[in-house]
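One file, target-v5.cif, carrying mmCIF, C-alpha atoms:
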data_coords
#
loop_
_atom_site.label_atom_id
_atom_site.label_comp_id
_atom_site.auth_asym_id
_atom_site.auth_seq_id
_atom_site.Cartn_x
_atom_site.Cartn_y
_atom_site.Cartn_z
CA MET H 6 -171.95 144.70 77.13
CA THR H 7 -171.70 143.45 80.69
CA SER H 8 -168.84 141.45 82.13
CA ARG H 9 -169.22 137.70 82.53
CA ARG H 10 -166.23 137.51 84.85
CA GLU H 11 -167.44 138.90 88.18
CA PRO H 12 -170.71 139.96 89.79
CA ARG H 13 -172.34 142.98 88.20
CA GLU H 14 -172.05 144.92 91.46
CA THR H 15 -168.25 144.83 91.23
CA ILE H 16 -168.30 146.68 87.90
CA ASP H 17 -171.17 148.93 88.97
CA ARG H 18 -169.18 150.06 91.99
CA TRP H 19 -166.34 151.29 89.77
CA LEU H 20 -168.77 152.92 87.34
CA ALA H 21 -170.37 154.75 90.28
CA HIS H 22 -166.94 156.02 91.31
CA PHE H 23 -166.39 157.30 87.79
CA ARG H 24 -169.72 159.13 87.81
CA SER H 25 -168.64 160.75 91.07
CA LEU H 26 -165.42 161.84 89.40
CA GLU H 27 -167.41 163.42 86.57
CA ALA H 28 -169.84 165.04 89.01
CA VAL H 29 -167.09 167.01 90.75
CA GLY H 30 -165.70 168.11 87.40
CA LEU H 31 -162.40 166.26 87.66
CA ALA H 32 -162.97 164.09 84.59
CA GLY H 33 -163.83 166.94 82.23
CA ASP H 34 -160.28 167.86 81.19
CA TRP H 35 -158.57 167.35 77.83
CA LEU H 36 -158.14 163.68 78.75
CA ALA H 37 -161.89 163.22 78.89
CA PRO H 38 -162.07 161.08 75.70
CA VAL H 39 -159.26 158.86 76.99
CA ARG H 40 -160.99 158.50 80.34
CA ARG H 41 -164.33 157.64 78.78
CA ALA H 42 -162.80 155.07 76.39
CA ALA H 43 -160.90 153.53 79.31
CA ILE H 44 -163.91 153.14 81.59
CA ASP H 45 -165.94 151.71 78.69
CA SER H 46 -163.17 149.20 78.03
CA PHE H 47 -163.18 148.18 81.68
CA ALA H 48 -166.96 147.90 81.80
CA SER H 49 -167.01 145.57 78.78
CA ARG H 50 -164.12 143.35 79.79
CA GLY H 51 -164.06 143.34 83.58
CA PHE H 52 -161.19 142.03 85.65
CA PRO H 53 -159.06 139.11 84.48
CA THR H 54 -159.52 135.59 85.80
CA THR H 55 -157.28 132.55 85.96
CA LYS H 56 -158.71 131.57 82.59
CA ASP H 57 -156.66 134.41 81.06
CA GLU H 58 -153.20 133.15 80.15
CA ASP H 59 -151.38 136.17 81.63
CA TRP H 60 -153.24 135.68 84.93
CA LYS H 61 -153.27 131.89 84.97
CA TYR H 62 -151.53 131.60 88.34
CA THR H 63 -152.83 134.80 89.96
CA ASN H 64 -156.33 135.11 91.34
CA VAL H 65 -157.28 138.80 91.63
CA GLU H 66 -160.50 138.08 93.50
CA PRO H 67 -159.07 138.94 96.96
CA VAL H 68 -158.17 142.39 95.62
CA VAL H 69 -161.13 143.27 93.41
CA ARG H 70 -163.82 142.21 95.89
CA VAL H 71 -162.72 144.93 98.34
CA PRO H 72 -164.97 148.05 98.15
CA TRP H 73 -162.08 150.43 97.59
CA THR H 74 -162.64 154.15 98.08
CA PRO H 75 -160.90 156.49 95.57
CA VAL H 76 -159.27 159.65 96.90
CA PHE H 77 -160.22 162.57 94.66
CA ALA H 78 -158.52 165.30 96.70
CA SER H 79 -155.01 165.74 98.05
CA THR H 80 -154.68 164.64 101.68
CA PRO H 81 -151.02 165.07 102.70
CA ASN H 82 -151.80 166.16 106.26
CA GLY H 83 -151.22 163.58 108.94
CA VAL H 84 -148.54 161.64 107.09
CA PRO H 85 -145.76 161.01 109.62
CA ALA H 86 -142.48 162.66 108.68
CA ARG H 87 -140.68 159.52 109.85
CA ALA H 88 -142.55 157.51 107.21
CA VAL H 89 -141.33 159.86 104.50
CA GLU H 90 -137.77 159.77 105.77
CA ARG H 91 -137.72 156.00 106.11
CA LEU H 92 -138.93 155.44 102.59
CA GLY H 93 -136.70 158.25 101.37
CA LEU H 94 -133.79 155.78 101.53
CA GLY H 95 -131.40 158.50 102.64
CA LEU H 96 -131.08 159.90 99.13
CA ALA H 97 -130.19 163.54 98.57
CA GLY H 98 -131.57 165.50 95.64
CA THR H 99 -135.01 165.64 94.12
CA ARG H 100 -137.87 163.88 95.90
CA LEU H 101 -141.52 164.08 94.90
CA VAL H 102 -143.86 162.68 97.56
CA PHE H 103 -147.34 161.58 96.55
CA VAL H 104 -150.00 160.81 99.14
CA ASN H 105 -152.86 158.68 97.83
CA GLY H 106 -151.83 159.61 94.31
CA HIS H 107 -151.61 163.39 94.84
CA LEU H 108 -148.44 165.45 95.07
CA GLY H 109 -147.68 166.61 98.62
CA ARG H 110 -145.83 169.81 97.85
CA ALA H 111 -144.79 170.48 101.44
CA LEU H 112 -143.24 167.01 101.65
CA SER H 113 -141.38 167.33 98.34
CA SER H 114 -138.18 169.00 97.20
CA VAL H 115 -136.81 169.59 93.70
CA VAL H 116 -133.24 170.37 92.68
CA PRO H 117 -133.58 172.39 89.44
CA ARG H 118 -131.56 171.39 86.41
CA PRO H 119 -131.30 173.53 83.26
CA GLY H 120 -134.02 172.63 80.78
CA ALA H 121 -135.31 169.68 82.81
CA ASN H 122 -138.82 169.44 84.17
CA VAL H 123 -139.56 167.25 87.18
CA GLY H 124 -142.87 167.77 88.91
CA SER H 125 -146.59 167.16 89.00
CA LEU H 126 -148.08 165.51 85.93
CA ALA H 127 -151.40 167.24 86.58
CA GLU H 128 -149.73 170.65 86.52
CA ALA H 129 -147.70 169.77 83.43
CA MET H 130 -150.93 169.10 81.56
CA LEU H 131 -151.90 172.74 82.07
CA ARG H 132 -148.55 174.31 81.17
CA ASP H 133 -145.99 174.31 78.40
CA GLU H 134 -145.34 170.58 78.78
CA ARG H 135 -148.87 169.75 77.67
CA ALA H 136 -147.74 168.90 74.14
CA LEU H 137 -145.11 166.50 75.48
CA VAL H 138 -147.65 164.84 77.78
CA ALA H 139 -150.23 164.58 74.99
CA ALA H 140 -147.66 162.97 72.69
CA HIS H 141 -146.94 160.11 75.09
CA LEU H 142 -149.56 159.74 77.80
CA ALA H 143 -151.59 156.54 77.29
CA ARG H 144 -149.84 156.03 73.92
CA HIS H 145 -147.47 153.29 75.10
CA ALA H 146 -149.33 151.79 78.07
CA ARG H 147 -152.69 151.69 76.36
CA PRO H 148 -155.83 151.63 78.50
CA ASP H 149 -157.00 148.42 76.84
CA ARG H 150 -153.83 146.61 77.94
CA THR H 151 -155.41 145.29 81.18
CA ALA H 152 -158.42 146.09 83.35
CA PHE H 153 -156.10 147.77 85.85
CA ALA H 154 -154.51 149.92 83.13
CA ALA H 155 -158.00 150.95 82.03
CA LEU H 156 -158.92 151.97 85.58
CA ASN H 157 -155.70 153.94 85.88
CA ALA H 158 -156.43 155.87 82.69
CA ALA H 159 -159.98 156.54 83.83
CA PHE H 160 -159.16 157.65 87.38
CA THR H 161 -155.65 159.07 87.34
CA LEU H 162 -155.60 162.64 88.65
CA ASP H 163 -151.94 163.24 89.31
CA GLY H 164 -148.54 161.66 89.12
CA ALA H 165 -145.06 162.60 88.01
CA LEU H 166 -143.51 164.02 84.87
CA VAL H 167 -139.77 163.59 84.37
CA HIS H 168 -138.45 165.32 81.26
CA VAL H 169 -134.72 165.62 80.56
CA PRO H 170 -133.90 167.43 77.28
CA ASP H 171 -131.43 166.41 74.60
CA GLY H 172 -127.81 166.18 75.69
CA SER H 173 -128.54 166.80 79.38
CA GLU H 174 -127.77 164.85 82.53
CA TYR H 175 -129.85 165.03 85.66
CA GLU H 176 -127.01 164.40 88.06
CA ASP H 177 -128.91 163.63 91.27
CA PRO H 178 -131.26 160.66 91.56
CA ILE H 179 -134.93 161.55 91.09
CA GLN H 180 -137.05 159.84 93.74
CA LEU H 181 -140.77 159.37 93.33
CA LEU H 182 -142.25 158.32 96.67
CA PHE H 183 -145.83 157.05 96.64
CA LEU H 184 -147.50 156.73 100.05
CA SER H 185 -150.90 155.20 100.66
CA SER H 186 -152.37 156.76 103.79
CA SER H 187 -155.55 155.01 104.82
CA ARG H 188 -157.21 156.31 107.99
CA GLU H 189 -160.85 155.33 107.87
CA ALA H 190 -161.61 153.48 104.64
CA ASP H 191 -159.77 151.09 102.37
CA THR H 192 -158.35 153.48 99.77
CA VAL H 193 -157.24 153.12 96.16
CA SER H 194 -155.06 155.49 94.16
CA HIS H 195 -154.12 155.50 90.48
CA PRO H 196 -150.85 157.46 90.05
CA ARG H 197 -149.34 157.86 86.60
CA VAL H 198 -145.72 158.50 85.69
CA LEU H 199 -144.33 159.75 82.39
CA VAL H 200 -140.57 159.76 81.85
CA ALA H 201 -139.18 161.25 78.63
CA LEU H 202 -135.42 161.41 78.07
CA GLY H 203 -134.16 163.27 75.02
CA ARG H 204 -131.31 162.21 72.77
CA SER H 205 -128.07 161.41 74.62
CA SER H 206 -129.55 162.41 77.98
CA ARG H 207 -129.08 160.62 81.29
CA ALA H 208 -130.98 160.22 84.55
CA THR H 209 -131.53 157.96 87.54
CA LEU H 210 -135.08 157.27 88.72
CA VAL H 211 -135.96 155.74 92.11
CA GLU H 212 -139.61 154.70 92.40
CA THR H 213 -140.70 153.80 95.95
CA TYR H 214 -144.01 152.59 97.40
CA GLY H 215 -145.11 152.40 101.02
CA ALA H 216 -148.18 152.64 103.23
CA THR H 217 -149.21 154.26 106.52
CA GLY H 218 -152.40 154.11 108.54
CA PRO H 219 -154.52 151.22 109.80
CA GLY H 220 -156.62 150.62 106.68
CA ALA H 221 -155.91 148.53 103.63
CA SER H 222 -154.73 150.17 100.41
CA LEU H 223 -154.41 149.47 96.71
CA THR H 224 -151.98 151.37 94.52
CA ASN H 225 -152.63 150.90 90.79
CA THR H 226 -149.76 152.52 88.91
CA VAL H 227 -148.93 152.99 85.23
CA VAL H 228 -145.47 154.17 84.16
CA GLU H 229 -144.50 155.14 80.62
CA ILE H 230 -140.81 155.62 79.80
CA VAL H 231 -139.57 156.93 76.46
CA LEU H 232 -135.83 156.99 75.78
CA GLY H 233 -134.47 158.95 72.84
CA ASP H 234 -131.50 157.82 70.75
CA GLY H 235 -128.44 157.36 72.93
CA ALA H 236 -130.31 158.10 76.17
CA ALA H 237 -129.57 156.17 79.37
CA LEU H 238 -131.82 155.57 82.38
CA ASP H 239 -131.15 153.69 85.61
CA HIS H 240 -134.48 152.78 87.20
CA VAL H 241 -134.85 151.35 90.71
CA LYS H 242 -138.29 150.36 91.98
CA LEU H 243 -138.92 149.38 95.61
CA VAL H 244 -142.26 148.06 96.91
CA GLU H 245 -142.64 147.54 100.65
CA GLY H 246 -146.23 148.44 101.36
CA GLY H 247 -146.81 146.02 104.22
CA ARG H 248 -149.29 143.23 104.74
CA ALA H 249 -152.38 145.44 104.36
CA ALA H 250 -151.21 146.83 101.02
CA ALA H 251 -151.88 145.63 97.48
CA HIS H 252 -149.82 146.86 94.54
CA VAL H 253 -150.53 146.55 90.80
CA ALA H 254 -148.26 148.20 88.24
CA LEU H 255 -147.70 148.34 84.50
CA THR H 256 -144.46 149.82 83.19
CA GLU H 257 -143.97 150.31 79.45
CA VAL H 258 -140.52 151.29 78.16
CA VAL H 259 -139.77 152.35 74.57
CA GLN H 260 -136.10 152.61 73.61
CA GLY H 261 -134.51 154.48 70.74
CA ARG H 262 -131.33 153.69 68.85
CA ASP H 263 -128.28 152.90 71.06
CA SER H 264 -130.22 153.74 74.23
CA ARG H 265 -129.57 152.03 77.56
CA TYR H 266 -132.16 151.02 80.16
CA ARG H 267 -131.24 149.35 83.44
CA SER H 268 -133.97 148.26 85.85
CA TRP H 269 -133.93 146.90 89.39
CA SER H 270 -137.35 145.74 90.60
CA LEU H 271 -137.40 145.01 94.35
CA ALA H 272 -140.59 143.65 95.93
CA LEU H 273 -139.92 143.37 99.66
CA GLY H 274 -143.42 143.24 101.06
CA ALA H 275 -147.11 143.48 100.12
CA SER H 276 -150.09 141.22 100.57
CA PHE H 277 -150.58 141.18 96.80
CA ALA H 278 -148.10 142.50 94.25
CA ARG H 279 -148.34 142.29 90.47
CA ASN H 280 -145.66 143.95 88.35
CA ASP H 281 -145.79 144.02 84.55
CA LEU H 282 -142.60 145.37 82.98
CA CYS H 283 -142.56 145.60 79.18
CA VAL H 284 -139.56 146.85 77.21
CA LEU H 285 -139.62 147.57 73.49
CA LEU H 286 -136.14 147.87 71.94
CA ASP H 287 -137.33 149.98 69.03
CA GLY H 288 -133.96 151.25 67.85
CA GLU H 289 -130.93 149.46 66.45
CA GLY H 290 -128.27 148.73 69.08
CA ALA H 291 -130.56 149.36 72.06
CA ALA H 292 -129.77 147.48 75.27
CA CYS H 293 -131.63 146.72 78.48
CA THR H 294 -130.84 144.97 81.74
CA LEU H 295 -133.67 143.82 83.99
CA ASP H 296 -132.77 142.68 87.50
CA GLY H 297 -135.39 141.70 90.06
CA LEU H 298 -135.62 140.49 93.64
CA TYR H 299 -138.85 139.47 95.32
CA LEU H 300 -139.49 138.29 98.89
CA ALA H 301 -142.73 136.81 100.19
CA SER H 302 -143.77 135.19 103.46
CA ASP H 303 -146.94 134.13 105.29
CA GLU H 304 -149.67 134.13 102.60
CA GLU H 305 -148.31 136.95 100.44
CA LEU H 306 -148.37 136.74 96.65
CA VAL H 307 -145.95 138.40 94.26
CA ASP H 308 -146.29 138.12 90.48
CA ASN H 309 -143.69 139.42 88.02
CA HIS H 310 -144.47 139.44 84.31
CA THR H 311 -141.74 140.80 82.03
CA ARG H 312 -141.65 141.18 78.27
CA ILE H 313 -138.57 142.18 76.27
CA ASP H 314 -139.44 142.87 72.65
CA HIS H 315 -136.45 143.05 70.28
CA ALA H 316 -137.87 144.93 67.31
CA LYS H 317 -134.62 146.12 65.66
CA PRO H 318 -131.19 144.58 64.92
CA ARG H 319 -128.23 144.36 67.29
CA GLY H 320 -130.28 144.60 70.45
CA THR H 321 -128.96 143.24 73.74
CA SER H 322 -130.93 142.19 76.80
CA ARG H 323 -129.95 140.65 80.12
CA GLU H 324 -132.45 139.55 82.74
CA LEU H 325 -131.95 138.08 86.21
CA TYR H 326 -134.87 137.69 88.63
CA LYS H 327 -134.51 136.01 92.02
CA GLY H 328 -137.19 135.08 94.53
CA ILE H 329 -137.16 134.07 98.21
CA LEU H 330 -140.34 132.49 99.56
CA ASP H 331 -141.31 131.44 103.07
CA GLY H 332 -144.47 130.40 104.89
CA ARG H 333 -147.44 129.75 102.62
CA SER H 334 -146.45 132.46 100.16
CA ARG H 335 -146.70 132.20 96.39
CA ALA H 336 -144.71 133.72 93.55
CA VAL H 337 -145.16 133.85 89.82
CA PHE H 338 -142.51 134.70 87.26
CA ASN H 339 -143.31 134.90 83.57
CA GLY H 340 -140.50 136.25 81.44
CA LYS H 341 -141.06 136.57 77.71
CA VAL H 342 -138.38 137.49 75.18
CA ILE H 343 -139.54 138.25 71.65
CA VAL H 344 -137.22 138.57 68.64
CA ARG H 345 -139.07 139.98 65.66
CA PRO H 346 -138.33 139.22 62.01
CA GLY H 347 -135.39 141.34 60.92
CA ALA H 348 -134.02 141.84 64.45
CA GLN H 349 -130.82 140.07 63.51
CA GLN H 350 -127.78 139.79 65.80
CA THR H 351 -129.97 139.97 68.87
CA ASP H 352 -128.25 138.82 72.06
CA ALA H 353 -130.68 137.92 74.86
CA GLN H 354 -130.16 136.05 78.12
CA GLN H 355 -132.77 135.40 80.81
CA THR H 356 -132.51 133.65 84.19
CA ASN H 357 -134.99 133.10 87.03
CA LYS H 358 -133.92 131.49 90.32
CA ASN H 359 -136.09 130.82 93.36
CA LEU H 360 -135.21 129.84 96.91
CA LEU H 361 -137.94 128.10 98.93
CA LEU H 362 -137.50 128.37 102.69
CA SER H 363 -140.70 126.49 103.50
CA GLU H 364 -142.24 123.28 102.22
CA ARG H 365 -145.56 125.16 101.94
CA ALA H 366 -144.22 127.95 99.69
CA GLU H 367 -144.96 127.73 95.97
CA VAL H 368 -143.58 129.29 92.82
CA ASP H 369 -144.69 129.08 89.20
CA THR H 370 -141.98 130.07 86.75
CA LYS H 371 -142.40 130.29 83.00
CA PRO H 372 -139.51 131.65 80.88
CA GLU H 373 -140.40 132.07 77.21
CA LEU H 374 -138.52 132.71 73.97
CA GLN H 375 -140.26 133.66 70.73
CA ILE H 376 -137.61 133.89 68.01
CA ARG H 377 -138.46 134.91 64.47
CA ALA H 378 -134.96 135.73 63.23
CA ASP H 379 -132.12 133.31 62.40
CA ASP H 380 -128.94 135.23 63.36
CA VAL H 381 -129.43 135.47 67.13
CA LYS H 382 -127.90 134.33 70.40
CA CYS H 383 -130.62 133.67 72.99
CA SER H 384 -130.86 131.58 76.14
CA HIS H 385 -133.11 131.20 79.15
CA GLY H 386 -133.29 129.14 82.30
CA ALA H 387 -135.15 128.70 85.58
CA ALA H 388 -134.32 126.99 88.86
CA ILE H 389 -136.18 126.28 92.11
CA GLY H 390 -134.45 124.94 95.19
CA GLN H 391 -133.85 125.06 98.92
CA LEU H 392 -130.85 125.95 101.05
CA ASP H 393 -128.03 123.47 100.68
CA PRO H 394 -127.79 121.45 103.92
CA GLU H 395 -124.05 121.13 103.45
CA ALA H 396 -123.68 124.89 103.18
CA VAL H 397 -125.77 125.31 106.35
CA PHE H 398 -123.57 122.76 108.11
CA TYR H 399 -120.42 124.56 106.95
CA CYS H 400 -121.65 127.87 108.39
CA LYS H 401 -122.55 126.18 111.68
CA SER H 402 -119.09 124.62 111.82
CA ARG H 403 -117.72 128.19 111.75
CA GLY H 404 -119.63 129.12 114.87
CA MET H 405 -123.01 130.28 113.52
CA ASP H 406 -126.25 129.06 115.00
CA GLU H 407 -128.90 127.54 112.71
CA THR H 408 -130.87 130.78 112.26
CA THR H 409 -127.81 132.91 111.52
CA ALA H 410 -126.48 130.36 109.06
CA ARG H 411 -129.74 130.27 107.14
CA ARG H 412 -130.04 134.08 107.12
CA THR H 413 -126.46 134.46 105.87
CA LEU H 414 -126.95 132.03 103.02
CA THR H 415 -130.29 133.58 102.09
CA TRP H 416 -128.80 137.07 102.08
CA GLY H 417 -125.97 135.80 99.87
CA PHE H 418 -128.54 134.47 97.39
CA ALA H 419 -130.26 137.87 97.25
CA SER H 420 -127.15 140.02 97.22
CA ASP H 421 -126.36 139.00 93.66
CA VAL H 422 -129.11 141.40 92.59
CA VAL H 423 -128.62 144.13 95.21
CA ARG H 424 -124.90 144.57 94.59
CA ARG H 425 -125.58 145.47 90.95
CA ILE H 426 -127.30 148.72 92.01
CA PRO H 427 -124.74 151.40 91.09
CA MET H 428 -125.40 154.03 93.82
CA ALA H 429 -123.71 153.11 97.10
CA PRO H 430 -126.17 154.98 99.42
CA LEU H 431 -129.12 153.34 97.72
CA ARG H 432 -127.44 149.95 97.72
CA ASP H 433 -126.72 150.25 101.45
CA ALA H 434 -130.32 151.26 102.18
CA ILE H 435 -131.64 148.26 100.26
CA ASP H 436 -129.23 146.00 102.13
CA THR H 437 -130.67 147.30 105.41
CA ARG H 438 -134.23 146.68 104.23
CA LEU H 439 -133.27 143.19 103.10
CA ALA H 440 -131.68 142.35 106.47
CA GLU H 441 -134.79 143.57 108.28
CA ARG H 442 -137.09 141.51 106.09
CA LEU H 443 -135.01 138.36 106.52
CA ALA H 444 -135.03 138.66 110.31
CA PRO H 445 -137.05 135.87 112.00
CA GLU H 446 -139.33 138.32 113.78
CA HIS H 447 -140.48 139.59 110.36
CA GLY H 448 -141.26 136.14 109.04
CA GLY H 449 -137.94 135.72 107.25
CA THR H 450 -135.86 132.59 107.70
CA ARG H 451 -137.04 129.95 110.13
#
Have the structure of the file written as structure tokens, please.
Amino acid sequence: MTSRREPRETIDRWLAHFRSLEAVGLAGDWLAPVRRAAIDSFASRGFPTTKDEDWKYTNVEPVVRVPWTPVFASTPNGVPARAVERLGLGLAGTRLVFVNGHLGRALSSVVPRPGANVGSLAEAMLRDERALVAAHLARHARPDRTAFAALNAAFTLDGALVHVPDGSEYEDPIQLLFLSSSREADTVSHPRVLVALGRSSRATLVETYGATGPGASLTNTVVEIVLGDGAALDHVKLVEGGRAAAHVALTEVVQGRDSRYRSWSLALGASFARNDLCVLLDGEGAACTLDGLYLASDEELVDNHTRIDHAKPRGTSRELYKGILDGRSRAVFNGKVIVRPGAQQTDAQQTNKNLLLSERAEVDTKPELQIRADDVKCSHGAAIGQLDPEAVFYCKSRGMDETTARRTLTWGFASDVVRRIPMAPLRDAIDTRLAERLAPEHGGTR
């Protein structure tokens, strides 16, 4: 069945890329049935349009019409060391660097921990971890979830595996750095990440995206996170690809009994950014905290869709997403909280706040609650506003000029999210990034 959503040549281009993948033998691994089902799903459905409820405010046409070129081989050479260090955020410990979706071994470093496995997903598929990968890969973030998830399942060649066994703690933060390096053509990569934490284990994951080179790039990422009973994961994601970069990501989290998941999603720059974060509290007493900060200027678009699914009793969720928009930028926030029948004593709170620095900026915010249990405590709220003129005047009365006053107040609005990040070095690095982005020469406050 052909798609009715976009010209046939758009789909045919992706199908031709898949045939090229098969021709070089890269699609003939044990994931071959998953790949084939995924590409068939994409071919029949095509890309979403604004007629789809989950994409009502986001037009993907500017992204999908680009004739992206997949990178089937590792190309780490030529990536500036300064780019790696800058995006490395000054963190010590384990760092896996991926260039166009492939592990750059010479750019990476791993601090071994007893029993833990942190490394290339492609290599893990061929070794002892294959059973673990097979048990979870594409099981939670299913290929039929979205067209982009289907393309990821069809084209993913590498990515990261993070496995921490029962009762263990990976003391240092684990950084996964994804670089798009486009020299001649507009490139697309489809990295995949699988995180599996055993019972009562702990880890910190820092997921970072950036871009180098003169060409445009699209990173289409899928992340699957599985937390065993009593496990705890702190997860920081930073996207700052630049104005020639597009970013699409689906993250699926499954939590066991009494597990803890804390997420900080920071979108500080991309021409097009879509983040889907879905958390399933599938064990009694599970808890999650989702914090987000997104900045957009000029004609950038950033779209955050979150879903917190309370499937078992005594679950707790807290969500705070804040946006700062300038120029002719647009933002979308859709936060859905679901309380299933039987998930009694659920406690869920959700807040979205947006600061508009320009009369031309636009935000669409849609908080949702779907409650099917009667013994719950749930609330949600959304707000859109501008800088308070009285607050600006107060700052100016203390000696600040207009620009400094506006930057200070804007930074104060954003810092409510940044200061919650538990690691001081990482928090300081994000503060620096935030100050740079808010500077007038970068299109920040005017």
Between segment 155-257 of chain H and segment 119-126 of chain H, at 7 Å or less, what are the per-residue closest atom pairs and their distances in Å? Count all atoms listed in the file, order by chain and rising residue number, and return it as a Markdown table.
| residue | atom | partner | partner_atom | distance |
| --- | --- | --- | --- | --- |
| H:Asp163 | CA | H:Leu126 | CA | 5.6 |
| H:Gly164 | CA | H:Leu126 | CA | 5.0 |
| H:Ala165 | CA | H:Leu126 | CA | 4.7 |
| H:Leu166 | CA | H:Leu126 | CA | 4.9 |
| H:Val167 | CA | H:Val123 | CA | 4.6 |
| H:His168 | CA | H:Asn122 | CA | 5.1 |
| H:Val169 | CA | H:Ala121 | CA | 4.7 |
| H:Pro170 | CA | H:Ala121 | CA | 6.1 |
With the cut-off set at 10 Å and counting all atoms listed in the file, tabulate each residue of segment 152-256 of chain H with an atom at most that distance from an atom of segment 406-427 of chain H, showing the nearest atom pair and its distance in Å to one decimal, ordered by chain and increasing number, as a Markdown table.
| residue | atom | partner | partner_atom | distance |
| --- | --- | --- | --- | --- |
| H:Asp239 | CA | H:Pro427 | CA | 8.7 |
| H:His240 | CA | H:Ile426 | CA | 9.5 |
| H:Val241 | CA | H:Ile426 | CA | 8.1 |
Spatial neighbours of segment 366-372 of chain H, max dist 10 Å, only C-alpha atoms, sep filter under 4 positions, as a ChimeraX atom specification
/H:61-63,301-311,328-342,355-362,384-389
Skip segment 201-210 of chain H itself and residues of its chain fewer than 2 positions away, then list as an NGL selection string all residues within 9 Å of it, counting all atoms listed in the file.
:H and (137 or 141 or 166-181 or 199 or 212 or 229-242 or 261 or 264)
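Shortest atom-to-atom contact with Pro196 of chain H among H:Phe103, H:Phe277, H:Phe52, H:Tyr266: H:Phe103, counting only C-alpha atoms.
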Running the PyMOL selection byres ((chain H and resi 42) around 12) on this model by hand, what would come out? Give it as a PyMOL selection string.
chain H and resi 36-41+43-49+143+147-149+154-160
Report, in Å with one decimal, the straight-line distance from atom CA of Tyr326 of chain H to atom CA of Val344 of chain H.
20.1 Å
May I ask for the distance between atom CA of Gly320 of chain H and atom CA of Trp269 of chain H, given in Å to one decimal place?
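Result for atom CA of Gly320 of chain H versus atom CA of Trp269 of chain H: 19.4 Å, one decimal.
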